[in-house]
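What follows is a short report on a single structure.
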Number of protein chains: 4
Amino acid sequence: MTEIQFRVRYAETDQMGVVYHANYLVWMEMGRVEMCRSLGVSYRDMEAEGVLLIVAEANCRYMAPARYDDEVSVMTKVKRSTTRLLEFEYAISSVESGRKLAVGVTTHIFCNRELRPSRLPERYRNAFGLV
Amino acid sequence: MTEIQFRVRYAETDQMGVVYHANYLVWMEMGRVEMCRSLGVSYRDMEAEGVLLIVAEANCRYMAPARYDDEVSVMTKVKRSTTRLLEFEYAISSVESGRKLAVGVTTHIFCNRELRPSRLPERYRNAFGLV
Amino acid sequence: MTEIQFRVRYAETDQMGVVYHANYLVWMEMGRVEMCRSLGVSYRDMEAEGVLLIVAEANCRYMAPARYDDEVSVMTKVKRSTTRLLEFEYAISSVESGRKLAVGVTTHIFCNRELRPSRLPERYRNAFGLV
Amino acid sequence: MTEIQFRVRYAETDQMGVVYHANYLVWMEMGRVEMCRSLGVSYRDMEAEGVLLIVAEANCRYMAPARYDDEVSVMTKVKRSTTRLLEFEYAISSVESGRKLAVGVTTHIFCNRELRPSRLPERYRNAFGLV
């Protein structure tokens, strides 16, 4: 489990006065990148080596709105990992109130540079608990 | 069922060379607004009158990547409607190849200006087949 | 001079109830792509061939706010063109009222795939009036 | 002068493999909010009280591309302040290399809730050096 914290940007709000819902997917991506880093994997380097993590499915349940300038926490964990795919789970909450704002799940497929499904190379398997 | 078509913007791509996944949720929102318009409901006016359609859940399955300058089609239909909530279903495809790019579902709750759940006012029920 | 028209997306608004200012740069980019297309140049193909148009400077003056669901027009013209750079000028207005919303200018440098400045290849010069 | 630092998000890149240019305006906004906070002014609260800071003009000169996962620094300072308007200046650079990526200027007008120009209320003038 990894946690990131950040402040809601003005750009992320919409005219309802709350965060536009698609931005939660951006936050999940930020959580997942830090999750990988905490496992010793720089997603940037992995991608530069031709191992891409394509989003195959994304789900988000919205429970309470996030607002501009709120401090938000995203907790990320790996839900499932195989040499073909990774599944992440996210809990998004308000740092100040501790209130849960949303939960999400994303499924990813390892692909090569041509965006075709491939297997995670040996050298990365340890990090994702695949031995 | 309503269809919209538009071109992928450069701003919507990411460094993988394809559309960043969160943007599909923006496209679904565009589809849903036109769906409402085709039912005789301007979402803008409805919101101005204090009837807000909050996103409670969003799901997207990605099947093939959309690319910059592609013409994309979003087909939207109402999957379920009650006086409390609306569910929309989306099929996103490439206009040129006809290939399906993604499918999605979003669930929405009617809320008042304070973002508290409320019932859809009588005058809108006809449009959403609620009589 | 080329014109594009489109509707403001909900995602483009912020909590002030108007379009978030950075989105005008996205609209200018859309205008410039259509401008190129009207000159017979597909920016997508040009980029695929290794001729990139990097933004070197962007300026926007905001005169009146655009709002959700408004129909917006972007008029684009080439202000200056050399084999090294292109300058575009934009006028953004409301389709309904005709009111000018913003004006902008962007300057671009031709670059190769390594993002190093280069000259526009011969075969494109005609389109941009460079003979 | 106030500094913020953050990492480039995947969502902020485009298919050129660098940060999409409009996102620099979002970063400037983040810098300006922290600048205000360092002066003792919460922009959120100020806006809630009906004092809005509308963007009247934005300018950005791009010098070197920012890339995904880079740590970026935004230095912000107030360039000019009157009871009618504020001007901010920004220097965006790479934390790792210290290289300057972009410089920008934004001009803002104080407005009321109806987005009409107004004067900065007395109680905020001290913070912005207006006495």
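The way I read the labels, and the way they are meant: chains A, B, ... in the order of the structure tokens, residue 1 as the first residue of every chain, and ligand 1 as the first ligand shown, with later ones counted on from there.
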
Would you list the contacts of Ala56 of chain C as a PyMOL selection string, taking every protein, DNA or RNA residue within 9 Å and counting only C-alpha atoms, but skipping same-chain residues closer than 3 positions in sequence?
(chain C and resi 106-109) or (chain D and resi 60-63)

Using only C-alpha atoms, what table do you get, as a tab-separated table, when you list each residue of chain B with an atom no more than 10 Å from chain C, its nearest pair of atoms, and their distance in Å rounded to one decimal, rows by chain then rising number?
residue	atom	partner	partner_atom	distance
B:Phe6	CA	C:Phe6	CA	9.3
B:Arg7	CA	C:Met30	CA	9.4
B:Val8	CA	C:Met30	CA	9.5
B:Arg9	CA	C:Met30	CA	6.7
B:Tyr10	CA	C:Glu29	CA	7.6
B:Ala11	CA	C:Val26	CA	6.4
B:Glu12	CA	C:Val26	CA	9.4
B:Asn23	CA	C:Ala11	CA	9.6
B:Leu25	CA	C:Ala11	CA	9.5
B:Val26	CA	C:Ala11	CA	6.4
B:Trp27	CA	C:Arg9	CA	9.1
B:Glu29	CA	C:Tyr10	CA	7.7
B:Met30	CA	C:Arg9	CA	6.7
B:Val33	CA	C:Asp69	CA	9.1
B:Ser42	CA	C:Asp69	CA	9.2
B:Tyr43	CA	C:Asp69	CA	8.8
B:Arg44	CA	C:Asp69	CA	6.9
B:Asp45	CA	C:Asp69	CA	9.9
B:Arg67	CA	C:Arg44	CA	9.8
B:Tyr68	CA	C:Arg44	CA	7.3
B:Asp69	CA	C:Arg44	CA	6.9
B:Asp70	CA	C:Arg44	CA	9.6

Now that the selection is made, can you save its residues with N, CA and C atoms as a compact mmCIF listing (two decimals), in the first residue's frame?
# COMPACT_ATOMS: atom_id res chain seq x y z
N PHE B 6 -16.74 13.49 -33.57
CA PHE B 6 -15.79 14.59 -33.41
C PHE B 6 -14.40 14.04 -33.69
N ARG B 7 -13.45 14.95 -33.82
CA ARG B 7 -12.06 14.56 -34.05
C ARG B 7 -11.26 14.57 -32.76
N VAL B 8 -10.36 13.63 -32.60
CA VAL B 8 -9.47 13.60 -31.44
C VAL B 8 -8.55 14.81 -31.46
N ARG B 9 -8.47 15.50 -30.34
CA ARG B 9 -7.61 16.67 -30.20
C ARG B 9 -6.18 16.24 -29.83
N TYR B 10 -5.23 17.03 -30.24
CA TYR B 10 -3.83 16.75 -29.86
C TYR B 10 -3.70 16.71 -28.33
N ALA B 11 -4.39 17.63 -27.68
CA ALA B 11 -4.34 17.73 -26.22
C ALA B 11 -4.82 16.46 -25.54
N GLU B 12 -5.56 15.64 -26.24
CA GLU B 12 -6.12 14.42 -25.64
C GLU B 12 -5.17 13.23 -25.70
N ASN B 23 -9.81 10.68 -20.83
CA ASN B 23 -10.59 11.49 -21.77
C ASN B 23 -11.84 10.79 -22.29
N LEU B 25 -13.98 9.45 -20.52
CA LEU B 25 -15.07 9.87 -19.63
C LEU B 25 -15.62 11.23 -20.05
N VAL B 26 -14.74 12.06 -20.57
CA VAL B 26 -15.17 13.37 -21.08
C VAL B 26 -16.05 13.15 -22.32
N TRP B 27 -15.66 12.23 -23.17
CA TRP B 27 -16.44 11.94 -24.38
C TRP B 27 -17.81 11.38 -24.01
N GLU B 29 -19.46 12.07 -21.38
CA GLU B 29 -20.24 13.21 -20.91
C GLU B 29 -20.82 13.99 -22.09
N MET B 30 -20.01 14.13 -23.15
CA MET B 30 -20.50 14.83 -24.34
C MET B 30 -21.65 14.04 -24.97
N VAL B 33 -24.87 14.50 -22.88
CA VAL B 33 -25.49 15.82 -23.03
C VAL B 33 -26.33 15.87 -24.31
N SER B 42 -32.36 20.31 -22.19
CA SER B 42 -31.05 20.96 -22.20
C SER B 42 -30.46 20.77 -20.81
N TYR B 43 -29.35 20.03 -20.74
CA TYR B 43 -28.78 19.80 -19.41
C TYR B 43 -28.36 21.12 -18.78
N ARG B 44 -27.90 22.05 -19.60
CA ARG B 44 -27.52 23.37 -19.09
C ARG B 44 -28.68 24.05 -18.36
N ASP B 45 -29.84 24.03 -19.00
CA ASP B 45 -31.00 24.69 -18.39
C ASP B 45 -31.44 23.93 -17.14
N ARG B 67 -6.55 7.50 -31.73
CA ARG B 67 -5.35 8.27 -32.01
C ARG B 67 -5.69 9.68 -32.47
N TYR B 68 -4.72 10.55 -32.33
CA TYR B 68 -4.85 11.95 -32.72
C TYR B 68 -5.45 12.09 -34.13
N ASP B 69 -6.42 12.98 -34.25
CA ASP B 69 -7.03 13.35 -35.52
C ASP B 69 -8.00 12.29 -36.05
N ASP B 70 -8.12 11.16 -35.36
CA ASP B 70 -9.15 10.17 -35.70
C ASP B 70 -10.53 10.80 -35.54

Moved coordinates, chain B onto chain D, all Cα atoms, as a short mmCIF file (atom, residue, chain, number, x, y, z; two decimals) with N, CA and C atoms, in the first residue's frame:
data_model
loop_
_atom_site.label_atom_id
_atom_site.label_comp_id
_atom_site.auth_asym_id
_atom_site.auth_seq_id
_atom_site.Cartn_x
_atom_site.Cartn_y
_atom_site.Cartn_z
N MET B 1 8.73 36.05 -3.54
CA MET B 1 8.94 34.91 -4.45
C MET B 1 8.58 33.62 -3.72
N THR B 2 7.79 32.79 -4.36
CA THR B 2 7.38 31.51 -3.78
C THR B 2 7.73 30.40 -4.75
N GLU B 3 8.10 29.26 -4.20
CA GLU B 3 8.41 28.13 -5.08
C GLU B 3 7.52 26.94 -4.77
N ILE B 4 7.06 26.26 -5.82
CA ILE B 4 6.40 24.97 -5.63
C ILE B 4 7.16 23.95 -6.47
N GLN B 5 7.09 22.71 -6.03
CA GLN B 5 7.70 21.63 -6.79
C GLN B 5 6.72 20.47 -6.88
N PHE B 6 6.73 19.80 -8.00
CA PHE B 6 5.82 18.67 -8.19
C PHE B 6 6.37 17.84 -9.35
N ARG B 7 5.80 16.65 -9.51
CA ARG B 7 6.19 15.77 -10.60
C ARG B 7 5.23 15.88 -11.77
N VAL B 8 5.74 15.80 -12.98
CA VAL B 8 4.90 15.81 -14.18
C VAL B 8 4.05 14.54 -14.20
N ARG B 9 2.76 14.71 -14.43
CA ARG B 9 1.83 13.60 -14.51
C ARG B 9 1.82 13.02 -15.94
N TYR B 10 1.53 11.75 -16.03
CA TYR B 10 1.42 11.12 -17.35
C TYR B 10 0.34 11.83 -18.18
N ALA B 11 -0.75 12.18 -17.52
CA ALA B 11 -1.87 12.85 -18.18
C ALA B 11 -1.47 14.17 -18.81
N GLU B 12 -0.37 14.74 -18.36
CA GLU B 12 0.06 16.05 -18.86
C GLU B 12 0.90 15.96 -20.13
N THR B 13 1.31 14.76 -20.50
CA THR B 13 2.12 14.61 -21.71
C THR B 13 1.22 14.53 -22.95
N ASP B 14 1.83 14.74 -24.11
CA ASP B 14 1.10 14.51 -25.35
C ASP B 14 1.93 13.58 -26.24
N GLN B 15 1.49 13.33 -27.44
CA GLN B 15 2.15 12.31 -28.25
C GLN B 15 3.53 12.72 -28.75
N MET B 16 3.92 13.96 -28.49
CA MET B 16 5.30 14.36 -28.80
C MET B 16 6.26 13.81 -27.74
N GLY B 17 5.67 13.29 -26.64
CA GLY B 17 6.50 12.75 -25.58
C GLY B 17 6.93 13.80 -24.58
N VAL B 18 6.31 14.98 -24.66
CA VAL B 18 6.62 16.07 -23.73
C VAL B 18 5.33 16.62 -23.16
N VAL B 19 5.44 17.54 -22.22
CA VAL B 19 4.23 18.11 -21.61
C VAL B 19 3.48 18.97 -22.63
N TYR B 20 2.19 18.76 -22.74
CA TYR B 20 1.34 19.57 -23.63
C TYR B 20 1.37 21.02 -23.15
N HIS B 21 1.56 21.93 -24.07
CA HIS B 21 1.87 23.32 -23.71
C HIS B 21 0.82 24.02 -22.84
N ALA B 22 -0.45 23.69 -22.99
CA ALA B 22 -1.47 24.38 -22.21
C ALA B 22 -1.34 24.09 -20.71
N ASN B 23 -0.70 22.97 -20.37
CA ASN B 23 -0.57 22.62 -18.96
C ASN B 23 0.33 23.57 -18.17
N TYR B 24 1.19 24.30 -18.88
CA TYR B 24 2.03 25.26 -18.18
C TYR B 24 1.17 26.35 -17.53
N LEU B 25 0.04 26.64 -18.14
CA LEU B 25 -0.85 27.65 -17.56
C LEU B 25 -1.48 27.12 -16.26
N VAL B 26 -1.70 25.82 -16.23
CA VAL B 26 -2.23 25.20 -15.01
C VAL B 26 -1.16 25.28 -13.91
N TRP B 27 0.08 25.04 -14.27
CA TRP B 27 1.17 25.10 -13.30
C TRP B 27 1.33 26.52 -12.76
N MET B 28 1.19 27.50 -13.65
CA MET B 28 1.30 28.89 -13.20
C MET B 28 0.20 29.19 -12.19
N GLU B 29 -0.99 28.68 -12.45
CA GLU B 29 -2.10 28.88 -11.52
C GLU B 29 -1.77 28.28 -10.15
N MET B 30 -1.13 27.10 -10.17
CA MET B 30 -0.74 26.47 -8.91
C MET B 30 0.29 27.35 -8.18
N GLY B 31 1.21 27.90 -8.94
CA GLY B 31 2.23 28.77 -8.35
C GLY B 31 1.62 30.00 -7.72
N ARG B 32 0.65 30.55 -8.41
CA ARG B 32 0.02 31.80 -7.95
C ARG B 32 -0.82 31.57 -6.69
N VAL B 33 -1.44 30.42 -6.60
CA VAL B 33 -2.23 30.11 -5.41
C VAL B 33 -1.31 30.00 -4.18
N GLU B 34 -0.16 29.36 -4.38
CA GLU B 34 0.78 29.23 -3.26
C GLU B 34 1.41 30.58 -2.93
N MET B 35 1.64 31.40 -3.96
CA MET B 35 2.14 32.75 -3.74
C MET B 35 1.18 33.53 -2.83
N CYS B 36 -0.11 33.44 -3.15
CA CYS B 36 -1.12 34.12 -2.33
C CYS B 36 -1.10 33.56 -0.90
N ARG B 37 -1.03 32.23 -0.78
CA ARG B 37 -1.02 31.61 0.54
C ARG B 37 0.17 32.13 1.36
N SER B 38 1.32 32.28 0.70
CA SER B 38 2.52 32.74 1.41
C SER B 38 2.36 34.20 1.86
N LEU B 39 1.44 34.92 1.20
CA LEU B 39 1.15 36.31 1.61
C LEU B 39 0.04 36.35 2.65
N GLY B 40 -0.44 35.17 3.04
CA GLY B 40 -1.48 35.11 4.05
C GLY B 40 -2.89 35.13 3.49
N VAL B 41 -3.00 34.97 2.15
CA VAL B 41 -4.31 35.00 1.52
C VAL B 41 -4.65 33.62 0.96
N SER B 42 -5.74 33.03 1.45
CA SER B 42 -6.23 31.79 0.85
C SER B 42 -7.11 32.19 -0.32
N TYR B 43 -6.68 31.84 -1.53
CA TYR B 43 -7.49 32.24 -2.68
C TYR B 43 -8.88 31.60 -2.59
N ARG B 44 -8.94 30.39 -2.06
CA ARG B 44 -10.24 29.73 -1.90
C ARG B 44 -11.20 30.56 -1.06
N ASP B 45 -10.69 31.05 0.07
CA ASP B 45 -11.55 31.83 0.96
C ASP B 45 -11.92 33.17 0.30
N MET B 46 -10.94 33.78 -0.35
CA MET B 46 -11.17 35.07 -1.00
C MET B 46 -12.30 34.92 -2.02
N GLU B 47 -12.22 33.84 -2.79
CA GLU B 47 -13.25 33.62 -3.81
C GLU B 47 -14.61 33.35 -3.15
N ALA B 48 -14.58 32.58 -2.05
CA ALA B 48 -15.83 32.27 -1.34
C ALA B 48 -16.48 33.56 -0.83
N GLU B 49 -15.65 34.57 -0.55
CA GLU B 49 -16.19 35.87 -0.08
C GLU B 49 -16.60 36.77 -1.25
N GLY B 50 -16.45 36.27 -2.47
CA GLY B 50 -16.93 37.03 -3.62
C GLY B 50 -15.87 37.89 -4.30
N VAL B 51 -14.60 37.65 -3.99
CA VAL B 51 -13.52 38.38 -4.66
C VAL B 51 -12.83 37.40 -5.62
N LEU B 52 -13.12 37.57 -6.91
CA LEU B 52 -12.58 36.65 -7.91
C LEU B 52 -11.42 37.28 -8.68
N LEU B 53 -10.46 36.47 -8.99
CA LEU B 53 -9.28 36.93 -9.72
C LEU B 53 -9.37 36.33 -11.13
N ILE B 54 -9.93 37.12 -12.04
CA ILE B 54 -10.15 36.66 -13.42
C ILE B 54 -8.86 36.81 -14.24
N VAL B 55 -8.57 35.83 -15.09
CA VAL B 55 -7.40 35.94 -15.96
C VAL B 55 -7.74 36.86 -17.14
N ALA B 56 -6.99 37.94 -17.28
CA ALA B 56 -7.23 38.87 -18.39
C ALA B 56 -6.25 38.62 -19.53
N GLU B 57 -5.07 38.14 -19.19
CA GLU B 57 -4.08 37.84 -20.23
C GLU B 57 -3.09 36.81 -19.69
N ALA B 58 -2.64 35.95 -20.58
CA ALA B 58 -1.64 34.95 -20.20
C ALA B 58 -0.61 34.85 -21.31
N ASN B 59 0.63 34.76 -20.91
CA ASN B 59 1.72 34.63 -21.87
C ASN B 59 2.70 33.59 -21.39
N CYS B 60 3.15 32.75 -22.30
CA CYS B 60 4.16 31.77 -21.92
C CYS B 60 5.17 31.60 -23.05
N ARG B 61 6.47 31.67 -22.69
CA ARG B 61 7.53 31.38 -23.64
C ARG B 61 8.15 30.05 -23.24
N TYR B 62 8.18 29.13 -24.19
CA TYR B 62 8.65 27.77 -23.93
C TYR B 62 10.11 27.65 -24.37
N MET B 63 10.96 27.21 -23.46
CA MET B 63 12.38 27.15 -23.78
C MET B 63 12.93 25.74 -23.92
N ALA B 64 12.44 24.83 -23.11
CA ALA B 64 12.87 23.43 -23.20
C ALA B 64 11.70 22.58 -22.71
N PRO B 65 11.53 21.40 -23.27
CA PRO B 65 10.36 20.60 -22.91
C PRO B 65 10.48 19.96 -21.53
N ALA B 66 9.37 19.90 -20.82
CA ALA B 66 9.28 19.11 -19.59
C ALA B 66 8.79 17.73 -20.00
N ARG B 67 9.26 16.71 -19.28
CA ARG B 67 8.89 15.34 -19.61
C ARG B 67 8.25 14.64 -18.43
N TYR B 68 7.52 13.59 -18.74
CA TYR B 68 6.84 12.78 -17.75
C TYR B 68 7.77 12.40 -16.59
N ASP B 69 7.26 12.56 -15.38
CA ASP B 69 7.94 12.14 -14.16
C ASP B 69 9.08 13.08 -13.76
N ASP B 70 9.37 14.09 -14.57
CA ASP B 70 10.34 15.12 -14.18
C ASP B 70 9.83 15.84 -12.94
N GLU B 71 10.76 16.28 -12.11
CA GLU B 71 10.36 17.17 -11.04
C GLU B 71 10.52 18.59 -11.55
N VAL B 72 9.46 19.35 -11.39
CA VAL B 72 9.40 20.69 -11.94
C VAL B 72 9.26 21.70 -10.81
N SER B 73 9.90 22.84 -10.97
CA SER B 73 9.79 23.93 -10.01
C SER B 73 9.13 25.13 -10.68
N VAL B 74 8.18 25.74 -9.97
CA VAL B 74 7.59 27.00 -10.46
C VAL B 74 7.85 28.08 -9.42
N MET B 75 8.62 29.10 -9.84
CA MET B 75 8.87 30.26 -8.98
C MET B 75 7.89 31.36 -9.41
N THR B 76 7.18 31.91 -8.44
CA THR B 76 6.16 32.92 -8.76
C THR B 76 6.46 34.21 -8.02
N LYS B 77 6.31 35.33 -8.68
CA LYS B 77 6.34 36.58 -7.94
C LYS B 77 5.29 37.56 -8.47
N VAL B 78 4.88 38.46 -7.60
CA VAL B 78 3.94 39.51 -8.00
C VAL B 78 4.74 40.57 -8.73
N LYS B 79 4.34 40.85 -9.95
CA LYS B 79 5.07 41.82 -10.78
C LYS B 79 4.48 43.21 -10.60
N ARG B 80 3.17 43.27 -10.43
CA ARG B 80 2.49 44.55 -10.31
C ARG B 80 1.21 44.32 -9.55
N SER B 81 0.85 45.24 -8.67
CA SER B 81 -0.42 45.11 -7.97
C SER B 81 -1.06 46.48 -7.79
N THR B 82 -2.33 46.56 -8.12
CA THR B 82 -3.12 47.75 -7.84
C THR B 82 -4.43 47.25 -7.24
N THR B 83 -5.32 48.12 -6.89
CA THR B 83 -6.59 47.65 -6.32
C THR B 83 -7.51 47.09 -7.41
N ARG B 84 -7.08 47.23 -8.66
CA ARG B 84 -7.88 46.74 -9.79
C ARG B 84 -7.33 45.44 -10.38
N LEU B 85 -6.01 45.30 -10.34
CA LEU B 85 -5.41 44.15 -11.02
C LEU B 85 -4.13 43.64 -10.35
N LEU B 86 -3.79 42.44 -10.70
CA LEU B 86 -2.54 41.82 -10.23
C LEU B 86 -1.82 41.23 -11.44
N GLU B 87 -0.49 41.35 -11.43
CA GLU B 87 0.29 40.73 -12.48
C GLU B 87 1.30 39.81 -11.82
N PHE B 88 1.37 38.58 -12.31
CA PHE B 88 2.31 37.60 -11.76
C PHE B 88 3.33 37.22 -12.83
N GLU B 89 4.51 36.87 -12.35
CA GLU B 89 5.58 36.43 -13.24
C GLU B 89 6.04 35.05 -12.77
N TYR B 90 6.36 34.18 -13.70
CA TYR B 90 6.69 32.80 -13.36
C TYR B 90 7.97 32.35 -14.06
N ALA B 91 8.75 31.56 -13.35
CA ALA B 91 9.88 30.89 -13.99
C ALA B 91 9.73 29.41 -13.68
N ILE B 92 9.65 28.63 -14.74
CA ILE B 92 9.45 27.19 -14.60
C ILE B 92 10.75 26.49 -14.98
N SER B 93 11.24 25.62 -14.08
CA SER B 93 12.51 24.97 -14.40
C SER B 93 12.52 23.52 -13.93
N SER B 94 13.50 22.79 -14.40
CA SER B 94 13.68 21.41 -14.00
C SER B 94 14.42 21.38 -12.68
N VAL B 95 13.91 20.63 -11.72
CA VAL B 95 14.57 20.56 -10.41
C VAL B 95 15.92 19.86 -10.55
N GLU B 96 15.95 18.82 -11.34
CA GLU B 96 17.17 18.02 -11.44
C GLU B 96 18.30 18.79 -12.13
N SER B 97 18.01 19.32 -13.31
CA SER B 97 19.08 19.98 -14.08
C SER B 97 19.17 21.47 -13.82
N GLY B 98 18.14 22.05 -13.22
CA GLY B 98 18.13 23.48 -13.01
C GLY B 98 17.83 24.26 -14.29
N ARG B 99 17.68 23.56 -15.37
CA ARG B 99 17.43 24.20 -16.66
C ARG B 99 16.08 24.92 -16.69
N LYS B 100 16.09 26.11 -17.25
CA LYS B 100 14.84 26.86 -17.37
C LYS B 100 13.99 26.25 -18.49
N LEU B 101 12.73 25.95 -18.19
CA LEU B 101 11.84 25.33 -19.16
C LEU B 101 10.92 26.35 -19.82
N ALA B 102 10.49 27.33 -19.04
CA ALA B 102 9.56 28.32 -19.56
C ALA B 102 9.49 29.52 -18.63
N VAL B 103 9.08 30.64 -19.18
CA VAL B 103 8.78 31.82 -18.36
C VAL B 103 7.40 32.31 -18.79
N GLY B 104 6.70 32.89 -17.83
CA GLY B 104 5.35 33.33 -18.16
C GLY B 104 4.92 34.54 -17.36
N VAL B 105 3.89 35.19 -17.84
CA VAL B 105 3.28 36.33 -17.16
C VAL B 105 1.77 36.19 -17.29
N THR B 106 1.06 36.45 -16.19
CA THR B 106 -0.41 36.50 -16.30
C THR B 106 -0.91 37.78 -15.64
N THR B 107 -1.96 38.33 -16.22
CA THR B 107 -2.58 39.54 -15.68
C THR B 107 -4.00 39.19 -15.25
N HIS B 108 -4.37 39.68 -14.09
CA HIS B 108 -5.67 39.32 -13.51
C HIS B 108 -6.42 40.56 -13.06
N ILE B 109 -7.72 40.50 -13.18
CA ILE B 109 -8.58 41.61 -12.76
C ILE B 109 -9.44 41.13 -11.59
N PHE B 110 -9.56 41.94 -10.57
CA PHE B 110 -10.46 41.60 -9.47
C PHE B 110 -11.89 41.78 -9.96
N CYS B 111 -12.72 40.77 -9.71
CA CYS B 111 -14.12 40.83 -10.12
C CYS B 111 -15.01 40.39 -8.97
N ASN B 112 -16.29 40.77 -9.07
CA ASN B 112 -17.26 40.27 -8.10
C ASN B 112 -17.89 38.98 -8.64
N ARG B 113 -18.85 38.45 -7.90
CA ARG B 113 -19.45 37.16 -8.28
C ARG B 113 -20.10 37.18 -9.66
N GLU B 114 -20.52 38.36 -10.09
CA GLU B 114 -21.14 38.47 -11.43
C GLU B 114 -20.06 38.65 -12.50
N LEU B 115 -18.81 38.48 -12.10
CA LEU B 115 -17.67 38.61 -13.00
C LEU B 115 -17.52 40.02 -13.56
N ARG B 116 -17.97 41.01 -12.79
CA ARG B 116 -17.74 42.40 -13.19
C ARG B 116 -16.55 42.96 -12.42
N PRO B 117 -15.72 43.78 -13.10
CA PRO B 117 -14.54 44.36 -12.45
C PRO B 117 -14.92 45.09 -11.17
N SER B 118 -14.10 44.91 -10.15
CA SER B 118 -14.35 45.61 -8.89
C SER B 118 -12.99 45.90 -8.25
N ARG B 119 -13.00 46.57 -7.12
CA ARG B 119 -11.74 46.88 -6.45
C ARG B 119 -11.48 45.87 -5.34
N LEU B 120 -10.23 45.60 -5.11
CA LEU B 120 -9.86 44.70 -4.04
C LEU B 120 -10.30 45.31 -2.70
N PRO B 121 -11.09 44.57 -1.91
CA PRO B 121 -11.53 45.10 -0.61
C PRO B 121 -10.32 45.47 0.28
N GLU B 122 -10.53 46.47 1.10
CA GLU B 122 -9.50 46.98 2.02
C GLU B 122 -8.73 45.87 2.74
N ARG B 123 -9.49 44.91 3.29
CA ARG B 123 -8.87 43.91 4.16
C ARG B 123 -7.81 43.05 3.48
N TYR B 124 -7.81 43.04 2.14
CA TYR B 124 -6.81 42.25 1.44
C TYR B 124 -5.63 43.08 0.95
N ARG B 125 -5.74 44.40 1.06
CA ARG B 125 -4.73 45.25 0.41
C ARG B 125 -3.35 45.11 1.01
N ASN B 126 -3.31 44.97 2.32
CA ASN B 126 -2.04 44.82 3.01
C ASN B 126 -1.22 43.65 2.43
N ALA B 127 -1.88 42.54 2.30
CA ALA B 127 -1.21 41.34 1.83
C ALA B 127 -0.53 41.56 0.48
N PHE B 128 -1.19 42.33 -0.38
CA PHE B 128 -0.63 42.55 -1.71
C PHE B 128 0.19 43.85 -1.78
N GLY B 129 0.57 44.37 -0.61
CA GLY B 129 1.45 45.53 -0.57
C GLY B 129 0.79 46.82 -1.04
N LEU B 130 -0.53 46.88 -0.86
CA LEU B 130 -1.27 48.05 -1.34
C LEU B 130 -1.74 48.91 -0.18
N VAL B 131 -0.87 49.76 0.33
CA VAL B 131 -1.34 50.62 1.43
C VAL B 131 -1.00 52.09 1.15
#

Among chain A, which residues carry a DSSP assignment of helix (DSSP H, G or I), reported as a PDB file with C-alpha atoms, in the first residue's frame?
ATOM      1  CA  TYR A  10      -8.413  24.964  -9.707  1.00  0.00           C
ATOM      2  CA  ALA A  11      -8.161  23.460 -13.187  1.00  0.00           C
ATOM      3  CA  GLU A  12      -9.618  20.226 -11.829  1.00  0.00           C
ATOM      4  CA  ASN A  23      -9.810  13.721 -12.905  1.00  0.00           C
ATOM      5  CA  TYR A  24     -10.097  10.897 -10.380  1.00  0.00           C
ATOM      6  CA  LEU A  25      -8.639   8.631 -13.065  1.00  0.00           C
ATOM      7  CA  VAL A  26      -5.667  10.969 -13.332  1.00  0.00           C
ATOM      8  CA  TRP A  27      -5.209  10.774  -9.561  1.00  0.00           C
ATOM      9  CA  MET A  28      -5.340   6.977  -9.678  1.00  0.00           C
ATOM     10  CA  GLU A  29      -2.604   7.036 -12.307  1.00  0.00           C
ATOM     11  CA  MET A  30      -0.493   9.191  -9.995  1.00  0.00           C
ATOM     12  CA  GLY A  31      -1.096   6.724  -7.173  1.00  0.00           C
ATOM     13  CA  ARG A  32      -0.112   3.773  -9.332  1.00  0.00           C
ATOM     14  CA  VAL A  33       3.115   5.396 -10.478  1.00  0.00           C
ATOM     15  CA  GLU A  34       4.164   5.984  -6.875  1.00  0.00           C
ATOM     16  CA  MET A  35       3.063   2.441  -6.011  1.00  0.00           C
ATOM     17  CA  CYS A  36       5.433   1.127  -8.688  1.00  0.00           C
ATOM     18  CA  ARG A  37       8.212   3.414  -7.456  1.00  0.00           C
ATOM     19  CA  SER A  38       7.791   2.072  -3.934  1.00  0.00           C
ATOM     20  CA  TYR A  43       7.337   3.353 -14.662  1.00  0.00           C
ATOM     21  CA  ARG A  44       9.120   5.928 -16.793  1.00  0.00           C
ATOM     22  CA  ASP A  45      12.160   3.686 -17.229  1.00  0.00           C
ATOM     23  CA  MET A  46      10.036   0.585 -17.758  1.00  0.00           C
ATOM     24  CA  GLU A  47       8.169   2.334 -20.544  1.00  0.00           C
ATOM     25  CA  ALA A  48      11.433   3.623 -22.056  1.00  0.00           C
ATOM     26  CA  GLU A 122      11.723 -11.590 -16.025  1.00  0.00           C
ATOM     27  CA  ARG A 123      13.686  -8.698 -14.519  1.00  0.00           C
ATOM     28  CA  TYR A 124      10.501  -6.949 -13.362  1.00  0.00           C
ATOM     29  CA  ARG A 125       8.676  -9.960 -11.948  1.00  0.00           C
TER      30      ARG A 125
END
